[in-house]
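K.L.:
Please read through the structure below; I'll follow up with questions.
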Amino acid sequence: MLLPTASPIPGAAVRRTRKSPLSTLLARLAALIALVVLGALCPSAAQAAEEPGTKAAGLHISDGRLVEGNGNDFVMRGVNHAHTWYPNELGSLADIKAQGANTVRVVLADGHRWTANTASDVANVIAQCKANRLICVLEVHDTTGYGEDSAAGTLDQAADYWIGLKSVLAGQENYIVINIGNEPWGNTDPAGWTAPTIAAIQKLRNAGFEHTIMVDAPNWGQDWQQVMRTNAQSVYAADTTGNLIFSIHMYSVFDTAAEITDYLNAFVSAKLPILIGEFGGPADQWGDPDEDTMMATAEQLDIGYLAWSWSGNTDPILDLVLNFDPAQMTSWGQRIFNGANGIAQTAKEATVFGGGSGDTHAPTAPGTPTASAVTATSANLSWTASTDNVGVAGYDVVRVSGGTETKVAASTANSVTVTGLTAGTAYSFAVYARDAAGNRSARSATVSVTTADTPAGSCSVGYRVVGEWQGGFQGEIAIRNTGTSAVSGWKLAFTFANGQTVSNMWGGTAAQSGGAVTVTPASYTNTIPAGGLVTVGFIGSKGATNTAPTAFTLNGAACVNG
């Protein structure tokens with residue numbers, strides 16, 4: 001994840017850093033010994049703390065689970081939104097809601113590293129979350145990587161920021177969760193995370209905060225040295241209200257099913273509240289997170305997950321949509337919103353907004369969709385609106401293939417643009433309506449659409465060497481579509497002049513014969529929108545000379561070099 005300035009969002013690289021097997025083994029042995037000793041000395045302390053008598057007025061913890069003020073179980077299903085860097089994109093909350101999310105985690109700054117979000121701005125964020133029927137997790141990002149990143153702030157500073165906002169946060173306990181600080185410790189001496197975390201929690205409680213508080217793990221959020229896992233009980237017990245939830249961030253450290261299920265089950269078994277506060281899925285040079293197991297396990301255990309992130313990463317590998325445009329949903333976005341155990345399939349709106357209100361009346365079936373503005377990779381669909389006894393909340397568009405359906409788009413209006421299609425391909429689409437209570441209509445009749453053939457679009461290619469060492473180098477290739485139509489399923493070709501070879505690539509797959517290289521896209525770089533670009537990176541070997549390629553073709557058409 002990169003900021004528009006090309007400076008990394010803290011933790012972007014290290015959060016995917018591979019764990020040391022020896023460190024992991026030692027950490028797990030330490031955790032096991034600690035649990036054995038704790039159980040022997042004080043068996044009751046080895047269990048989750050008894051429920052305190054004081055409860056928050058709204059969202060709170062009960063029996064190890066996040067529940068609403070009325071006691072209704074609430075499972076977060078949503079995404080992260082980089083508000084502090086993109087303050088003019090708050091309208092994205094409506095788009096996030098339209099995809100079915102029930103929660104959004106909003107990035108804020110306390111002024112230590114980035115310009116502080118003002119009280120009026122935070123009040124507006126909360127109001128917009130409520131207007132869009134989203135539970136709002138507010139987090140301070142300045143703490144990211146403290147102890148390793150010299151620019152990071154402390155949890156104590158973050159706590160002071162929240163206290164300064166108390167006037168706009170008080171009374172919002174039904175609607176917000178306070179995430180004290182994002183990834184508030186790096187990989188250097190992560191054991192130092194525990195005491196400042198407890199101190200920040202107690203500082204907020206002493207200031208009168210009754211909100212549910214969320215705390216992130218050390219190791220850039222991934223806790224690969226098991227510090228949060230080992231100390232979770234003592235941290236939880238330090239909160240006088242018991243309204244505390246732990247947040248684990250899962251990137252390439254969590255690349256096997258066993259690691260994911262072991263970690264999450266340990267908290268659930270101990271009745272210690274937890275959610276996946278950030279996670280990624282696309283493979284890159286640091287590894288390949290197992291997002292399928294993350295989402296499946298979260299659904300099995302009924303715990304929350306919040307994907308990173310809606311839009312705005314300099315490297316769009318983790319953008320759910322490009323350019324904050326829901327019509328430009330990426331393959332990562334399709335996975336999160338419409339895939340197995342995804343948001344559209346599993347999210348339930350908070351009852352404070354009317355979800356689960358007892359309404360069992362389904363909307364009427366939408367009218368048969370009609371197609372227009374069909375291109376090689378997209379089509380506009382519209383249909384006659386449904387009716388409902390309470391009100392239609394939105395529509396889900398599905399691709400129908402034989403007896404199977406795949407959700408491809410969602411909309412709050414009776415029209416949508418379906419993107420990411422393959423050129424010269426026949427599709428069949430249909431529409432469902434849904435209301436706020438989750439009732440779903442019968443399916444509409446289908447419409448057949450055949451996309452146009454891919455035009456020979458214009459393109460430009462930027463090639464650069466990121467770094468060199470004896471015998472090797474890292475390269476980056478930015479492919480820009482300068483045409484008027486999106487390009488999908490592309491093939492890039494170029495030739496090395498000095499015997500260079502590609503040994504590893506992310507964002508695409510390389511094939512090489514002599515000096516000739518062809519690159520085909522990864523799933524998340526498959527479509528290059530009109531005016532947009534995708535980036536692939538690679539590690540290569542070289543001799544004494546490393547001349548850059550001078551000519552590139554995309555789908556056989558020559559590209560401008562630069």
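Note on naming: chains are A, B, ... as they come in the structure tokens, residues start from 1 per chain, ligands start from 1 in the order shown.
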Assign secondary structure with DSSP using the backbone only, and return the residues of segment 241-425 of chain A in strand (DSSP E or B) as a PyMOL selection string.
P.N.:
chain A and resi 244-250+274-279+284+287+305-307+321+329+370-372+379-382+392-401+404-411+415-418
K.L.:
Excluding Thr553 of chain A and residues on its chain fewer than 5 positions from it, collect all residues at most 7 Å away from it, counting only C-alpha atoms, and give them as number ranges by chain.
P.N.:
A: 492-494, 558-559
K.L.:
Between A:Ala158, A:Ile343, A:Met505, A:Ile477, which one has atoms that come closest to Thr535 of chain A, using only C-alpha atoms?
P.N.:
A:Ile477
K.L.:
Please indicate the distance in Å from atom CA of Gly489 of chain A to atom CA of Trp286 of chain A, rounded to one decimal place.
P.N.:
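According to the coordinates, atom CA of Gly489 of chain A and atom CA of Trp286 of chain A are separated by 24.6 Å.
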K.L.:
For Ala119 of chain A, find every residue with an atom within 7 Å (counting only C-alpha atoms), except residues of its own chain fewer than 3 positions away, and show them as a list in words.
P.N.:
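Using only C-alpha atoms, the neighbours found are Val122, Ala123, Leu165 and Val168 of chain A.
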K.L.:
Dump all heavy atoms for the selected residues as a CSV table (one decimal), in the first residue's frame?
P.N.:
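Wrote it out as out05.csv, contents follow:
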chain,number,residue,atom,x,y,z
A,122,VAL,N,-14.2,14.9,11.9
A,122,VAL,CA,-14.6,13.6,12.4
A,122,VAL,C,-16.1,13.5,12.7
A,122,VAL,O,-16.7,12.5,12.4
A,122,VAL,CB,-13.8,13.4,13.7
A,122,VAL,CG1,-14.2,12.1,14.4
A,122,VAL,CG2,-12.3,13.3,13.4
A,123,ALA,N,-16.7,14.6,13.1
A,123,ALA,CA,-18.1,14.6,13.3
A,123,ALA,C,-18.8,14.4,12.0
A,123,ALA,O,-19.9,13.7,11.9
A,123,ALA,CB,-18.6,16.0,13.9
A,165,LEU,N,-11.2,14.8,21.1
A,165,LEU,CA,-12.4,14.7,20.3
A,165,LEU,C,-13.6,14.2,21.1
A,165,LEU,O,-14.7,13.9,20.5
A,165,LEU,CB,-12.1,13.6,19.2
A,165,LEU,CG,-11.1,14.0,18.1
A,165,LEU,CD1,-11.0,12.8,17.1
A,165,LEU,CD2,-11.6,15.2,17.3
A,168,VAL,N,-17.3,15.2,20.3
A,168,VAL,CA,-18.0,14.7,19.1
A,168,VAL,C,-18.1,13.1,19.1
A,168,VAL,O,-18.9,12.6,18.3
A,168,VAL,CB,-17.3,15.1,17.8
A,168,VAL,CG1,-17.2,16.6,17.7
A,168,VAL,CG2,-15.9,14.5,17.7
K.L.:
Excluding Gly515 of chain A and its own-chain neighbours fewer than 3 positions away, which residues fall within 8 Å of it when counting only C-alpha atoms? Please give them as a compact mmCIF listing (two decimals) with N, CA, C and O atoms, in the first residue's frame.
P.N.:
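The new file around.txt reads:
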# COMPACT_ATOMS: atom_id res chain seq x y z
N THR A 495 12.19 -6.96 -25.48
CA THR A 495 13.40 -7.77 -25.61
C THR A 495 14.55 -7.14 -24.83
O THR A 495 14.81 -5.94 -24.93
N PHE A 496 15.23 -7.99 -24.04
CA PHE A 496 16.45 -7.56 -23.36
C PHE A 496 17.62 -7.67 -24.34
O PHE A 496 17.72 -8.65 -25.10
N ALA A 497 18.54 -6.72 -24.26
CA ALA A 497 19.67 -6.70 -25.20
C ALA A 497 20.95 -7.28 -24.62
O ALA A 497 21.89 -7.59 -25.38
N ASN A 498 21.01 -7.45 -23.28
CA ASN A 498 22.28 -7.83 -22.66
C ASN A 498 22.22 -9.15 -21.90
O ASN A 498 22.96 -9.36 -20.95
N GLY A 499 21.32 -10.03 -22.31
CA GLY A 499 21.24 -11.34 -21.67
C GLY A 499 20.55 -11.35 -20.32
O GLY A 499 20.64 -12.33 -19.57
N GLN A 500 19.84 -10.28 -19.96
CA GLN A 500 19.12 -10.27 -18.69
C GLN A 500 18.02 -11.34 -18.70
O GLN A 500 17.43 -11.65 -19.74
N THR A 501 17.70 -11.86 -17.51
CA THR A 501 16.62 -12.83 -17.38
C THR A 501 15.74 -12.46 -16.19
O THR A 501 16.24 -11.94 -15.18
N GLN A 512 10.01 -16.30 -21.11
CA GLN A 512 11.19 -15.76 -21.78
C GLN A 512 11.82 -16.80 -22.68
O GLN A 512 11.96 -17.97 -22.32
K.L.:
Using only C-alpha atoms, which residues sit within 12 Å of segment 330-335 of chain A once same-chain residues fewer than 6 positions away are excluded, as a PyMOL selection string?
P.N.:
chain A and resi 78-79+96+99+279-283+291-292+295+307-311+316-324+341-345+406-410+418-421+488+521-529+534
K.L.:
Could you write out the selected residues, including N, CA and C atoms, as a compact mmCIF listing (two decimals), in the first residue's frame?
P.N.:
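Listing of again-v2.txt after writing:
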# COMPACT_ATOMS: atom_id res chain seq x y z
N GLY A 78 -16.75 -5.43 6.14
CA GLY A 78 -16.55 -4.16 5.48
C GLY A 78 -15.15 -3.96 4.98
N VAL A 79 -14.77 -2.69 4.79
CA VAL A 79 -13.49 -2.35 4.18
C VAL A 79 -12.87 -1.16 4.90
N ILE A 96 -19.46 2.18 -0.83
CA ILE A 96 -19.12 1.02 -0.01
C ILE A 96 -20.39 0.35 0.50
N GLN A 99 -22.24 -1.79 -2.02
CA GLN A 99 -21.70 -3.13 -2.27
C GLN A 99 -22.08 -4.12 -1.17
N PHE A 279 -6.72 -6.97 5.91
CA PHE A 279 -6.11 -8.13 5.26
C PHE A 279 -6.01 -7.89 3.77
N GLY A 280 -5.08 -8.61 3.15
CA GLY A 280 -4.89 -8.56 1.71
C GLY A 280 -4.96 -9.96 1.14
N GLY A 281 -4.99 -10.02 -0.18
CA GLY A 281 -5.07 -11.31 -0.84
C GLY A 281 -4.13 -11.47 -2.00
N PRO A 282 -3.99 -10.44 -2.86
CA PRO A 282 -3.14 -10.60 -4.05
C PRO A 282 -1.70 -10.94 -3.69
N ALA A 283 -1.13 -11.86 -4.44
CA ALA A 283 0.27 -12.22 -4.23
C ALA A 283 1.18 -11.10 -4.70
N GLU A 291 -6.26 -15.48 1.59
CA GLU A 291 -7.50 -14.76 1.90
C GLU A 291 -8.70 -15.68 1.92
N ASP A 292 -8.67 -16.77 1.16
CA ASP A 292 -9.82 -17.68 1.14
C ASP A 292 -10.05 -18.28 2.53
N MET A 295 -11.31 -15.52 5.08
CA MET A 295 -12.74 -15.20 4.97
C MET A 295 -13.61 -16.37 5.40
N ALA A 307 -11.51 -5.52 4.82
CA ALA A 307 -10.48 -5.65 3.79
C ALA A 307 -9.76 -4.32 3.56
N TRP A 308 -8.48 -4.38 3.22
CA TRP A 308 -7.72 -3.21 2.80
C TRP A 308 -7.65 -3.23 1.28
N SER A 309 -7.97 -2.14 0.62
CA SER A 309 -8.69 -0.98 1.06
C SER A 309 -9.50 -0.49 -0.12
N TRP A 310 -10.43 0.41 0.10
CA TRP A 310 -11.36 0.82 -0.95
C TRP A 310 -10.64 1.35 -2.19
N SER A 311 -9.75 2.34 -2.04
CA SER A 311 -9.03 2.88 -3.19
C SER A 311 -7.94 3.82 -2.69
N PRO A 316 -1.83 -0.06 -7.13
CA PRO A 316 -3.24 -0.44 -6.97
C PRO A 316 -3.48 -1.91 -6.72
N ILE A 317 -2.44 -2.65 -6.34
CA ILE A 317 -2.59 -4.08 -6.12
C ILE A 317 -3.66 -4.38 -5.07
N LEU A 318 -3.82 -3.49 -4.08
CA LEU A 318 -4.80 -3.72 -3.03
C LEU A 318 -6.00 -2.77 -3.12
N ASP A 319 -6.15 -2.07 -4.22
CA ASP A 319 -7.35 -1.26 -4.44
C ASP A 319 -8.53 -2.18 -4.74
N LEU A 320 -9.62 -1.99 -4.01
CA LEU A 320 -10.85 -2.72 -4.31
C LEU A 320 -11.54 -2.13 -5.53
N VAL A 321 -11.45 -0.82 -5.68
CA VAL A 321 -11.88 -0.14 -6.91
C VAL A 321 -10.79 0.84 -7.30
N LEU A 322 -10.67 1.13 -8.58
CA LEU A 322 -9.68 2.08 -9.05
C LEU A 322 -10.26 3.49 -9.06
N ASN A 323 -9.44 4.46 -8.69
CA ASN A 323 -9.81 5.87 -8.77
C ASN A 323 -11.10 6.20 -8.01
N PHE A 324 -11.36 5.47 -6.93
CA PHE A 324 -12.55 5.67 -6.10
C PHE A 324 -13.85 5.52 -6.91
N ASN A 341 -17.96 -16.37 0.75
CA ASN A 341 -17.85 -15.77 2.08
C ASN A 341 -17.58 -14.28 2.02
N GLY A 342 -17.96 -13.66 0.89
CA GLY A 342 -17.73 -12.23 0.71
C GLY A 342 -18.77 -11.37 1.38
N ILE A 343 -18.59 -10.07 1.25
CA ILE A 343 -19.44 -9.11 1.95
C ILE A 343 -20.89 -9.22 1.51
N ALA A 344 -21.14 -9.28 0.21
CA ALA A 344 -22.53 -9.33 -0.26
C ALA A 344 -23.25 -10.55 0.25
N GLN A 345 -22.52 -11.63 0.42
CA GLN A 345 -23.11 -12.90 0.84
C GLN A 345 -23.32 -12.99 2.35
N THR A 406 -23.06 -15.93 -10.50
CA THR A 406 -21.93 -15.21 -9.91
C THR A 406 -22.30 -13.74 -9.83
N LYS A 407 -22.27 -13.17 -8.61
CA LYS A 407 -22.58 -11.76 -8.47
C LYS A 407 -21.47 -10.92 -9.10
N VAL A 408 -21.85 -9.96 -9.95
CA VAL A 408 -20.86 -9.15 -10.65
C VAL A 408 -20.97 -7.66 -10.35
N ALA A 409 -22.09 -7.22 -9.77
CA ALA A 409 -22.25 -5.80 -9.48
C ALA A 409 -23.38 -5.61 -8.49
N ALA A 410 -23.39 -4.45 -7.84
CA ALA A 410 -24.47 -4.07 -6.93
C ALA A 410 -24.76 -2.60 -7.12
N VAL A 418 -21.61 -2.94 -15.62
CA VAL A 418 -20.85 -4.14 -15.30
C VAL A 418 -19.50 -4.03 -16.01
N THR A 419 -18.41 -4.16 -15.26
CA THR A 419 -17.07 -4.02 -15.82
C THR A 419 -16.29 -5.32 -15.68
N GLY A 420 -15.07 -5.31 -16.21
CA GLY A 420 -14.20 -6.47 -16.08
C GLY A 420 -14.57 -7.63 -16.98
N LEU A 421 -15.33 -7.37 -18.04
CA LEU A 421 -15.74 -8.43 -18.95
C LEU A 421 -14.63 -8.72 -19.96
N SER A 488 -8.44 -5.75 -21.63
CA SER A 488 -8.40 -6.89 -20.72
C SER A 488 -7.64 -8.04 -21.37
N PRO A 521 -1.04 -10.86 -17.59
CA PRO A 521 -1.42 -10.25 -16.30
C PRO A 521 -1.74 -11.26 -15.22
N ALA A 522 -1.59 -10.79 -13.98
CA ALA A 522 -2.18 -11.49 -12.84
C ALA A 522 -3.67 -11.16 -12.82
N SER A 523 -4.42 -11.86 -11.98
CA SER A 523 -5.87 -11.63 -11.94
C SER A 523 -6.20 -10.19 -11.61
N TYR A 524 -5.40 -9.57 -10.74
CA TYR A 524 -5.71 -8.22 -10.27
C TYR A 524 -5.17 -7.12 -11.18
N THR A 525 -4.42 -7.52 -12.23
CA THR A 525 -3.97 -6.53 -13.22
C THR A 525 -4.54 -6.83 -14.60
N ASN A 526 -5.53 -7.71 -14.66
CA ASN A 526 -6.03 -8.19 -15.95
C ASN A 526 -6.62 -7.09 -16.82
N THR A 527 -7.27 -6.10 -16.19
CA THR A 527 -7.93 -5.04 -16.94
C THR A 527 -7.21 -3.71 -16.73
N ILE A 528 -6.88 -3.04 -17.81
CA ILE A 528 -6.30 -1.69 -17.76
C ILE A 528 -7.38 -0.73 -18.24
N PRO A 529 -7.97 0.04 -17.34
CA PRO A 529 -9.05 0.94 -17.75
C PRO A 529 -8.56 2.03 -18.68
N VAL A 534 -1.46 -0.15 -15.05
CA VAL A 534 -1.13 -1.21 -14.11
C VAL A 534 0.39 -1.30 -14.04
K.L.:
For atom CA of Trp114 of chain A and atom CA of Ala199 of chain A, quote the distance in Å rounded to one decimal.
P.N.:
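Taking atom CA of Trp114 of chain A and atom CA of Ala199 of chain A, their separation equals 23.4 Å.
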K.L.:
Could you list, as a PyMOL selection string, every residue within 10 Å of Asp388 of chain A, counting only C-alpha atoms and ignoring same-chain residues fewer than 2 positions away?
P.N.:
chain A and resi 361-365+386+390-393+433-435+439+441
K.L.:
Please, could you write that set of residues out with C-alpha atoms as a CSV table (one decimal), in the first residue's frame?
P.N.:
chain,number,residue,atom,x,y,z
A,361,HIS,CA,-41.7,-9.4,3.1
A,362,ALA,CA,-39.4,-9.7,0.0
A,363,PRO,CA,-39.4,-7.1,-2.7
A,364,THR,CA,-41.0,-7.9,-6.1
A,365,ALA,CA,-38.8,-9.2,-8.9
A,386,SER,CA,-38.9,-3.4,-7.7
A,390,VAL,CA,-40.8,-1.0,3.5
A,391,GLY,CA,-38.4,0.0,0.8
A,392,VAL,CA,-35.9,-1.5,-1.7
A,393,ALA,CA,-32.3,-1.1,-0.3
A,433,ALA,CA,-33.7,-6.8,-5.4
A,434,ARG,CA,-33.1,-6.7,-1.6
A,435,ASP,CA,-34.5,-4.7,1.3
A,439,ASN,CA,-35.0,-10.2,2.2
A,441,SER,CA,-36.7,-11.0,-4.4
K.L.:
With distances taken over only C-alpha atoms, which of A:Thr387, A:Ser448, A:Arg399, A:Thr351 is nearest to Val374 of chain A?
P.N.:
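The shortest atom-to-atom distance to Val374 of chain A comes from A:Ser448.
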K.L.:
Contacts of Gly471 of chain A at 7 Å or less, counting only C-alpha atoms, minus same-chain residues fewer than 3 places along, as a ChimeraX atom specification?
P.N.:
/A:541-543
K.L.:
Using only C-alpha atoms, can you tell me which of A:Pro87, A:Gly531, A:Pro184, A:Gly507 comes closest to Leu108 of chain A?
P.N.:
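Closest residue, counting only C-alpha atoms: A:Pro87.
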K.L.:
So which bits of segment 210-411 of chain A end up alpha helix (DSSP H) when you DSSP the backbone, as a PyMOL selection string?
P.N.:
chain A and resi 227-237+257-269+291-301+331-338+343-346
K.L.:
Which residue, A:Gly164, A:Gly145, A:Gly312, A:Gly186, has the smallest gap to His81 of chain A when you use only C-alpha atoms?
P.N.:
A:Gly312
K.L.:
Would you compute the distance between atom CA of Asn338 of chain A and atom CA of Glu405 of chain A? Give it in Å to one decimal.
P.N.:
10.8 Å
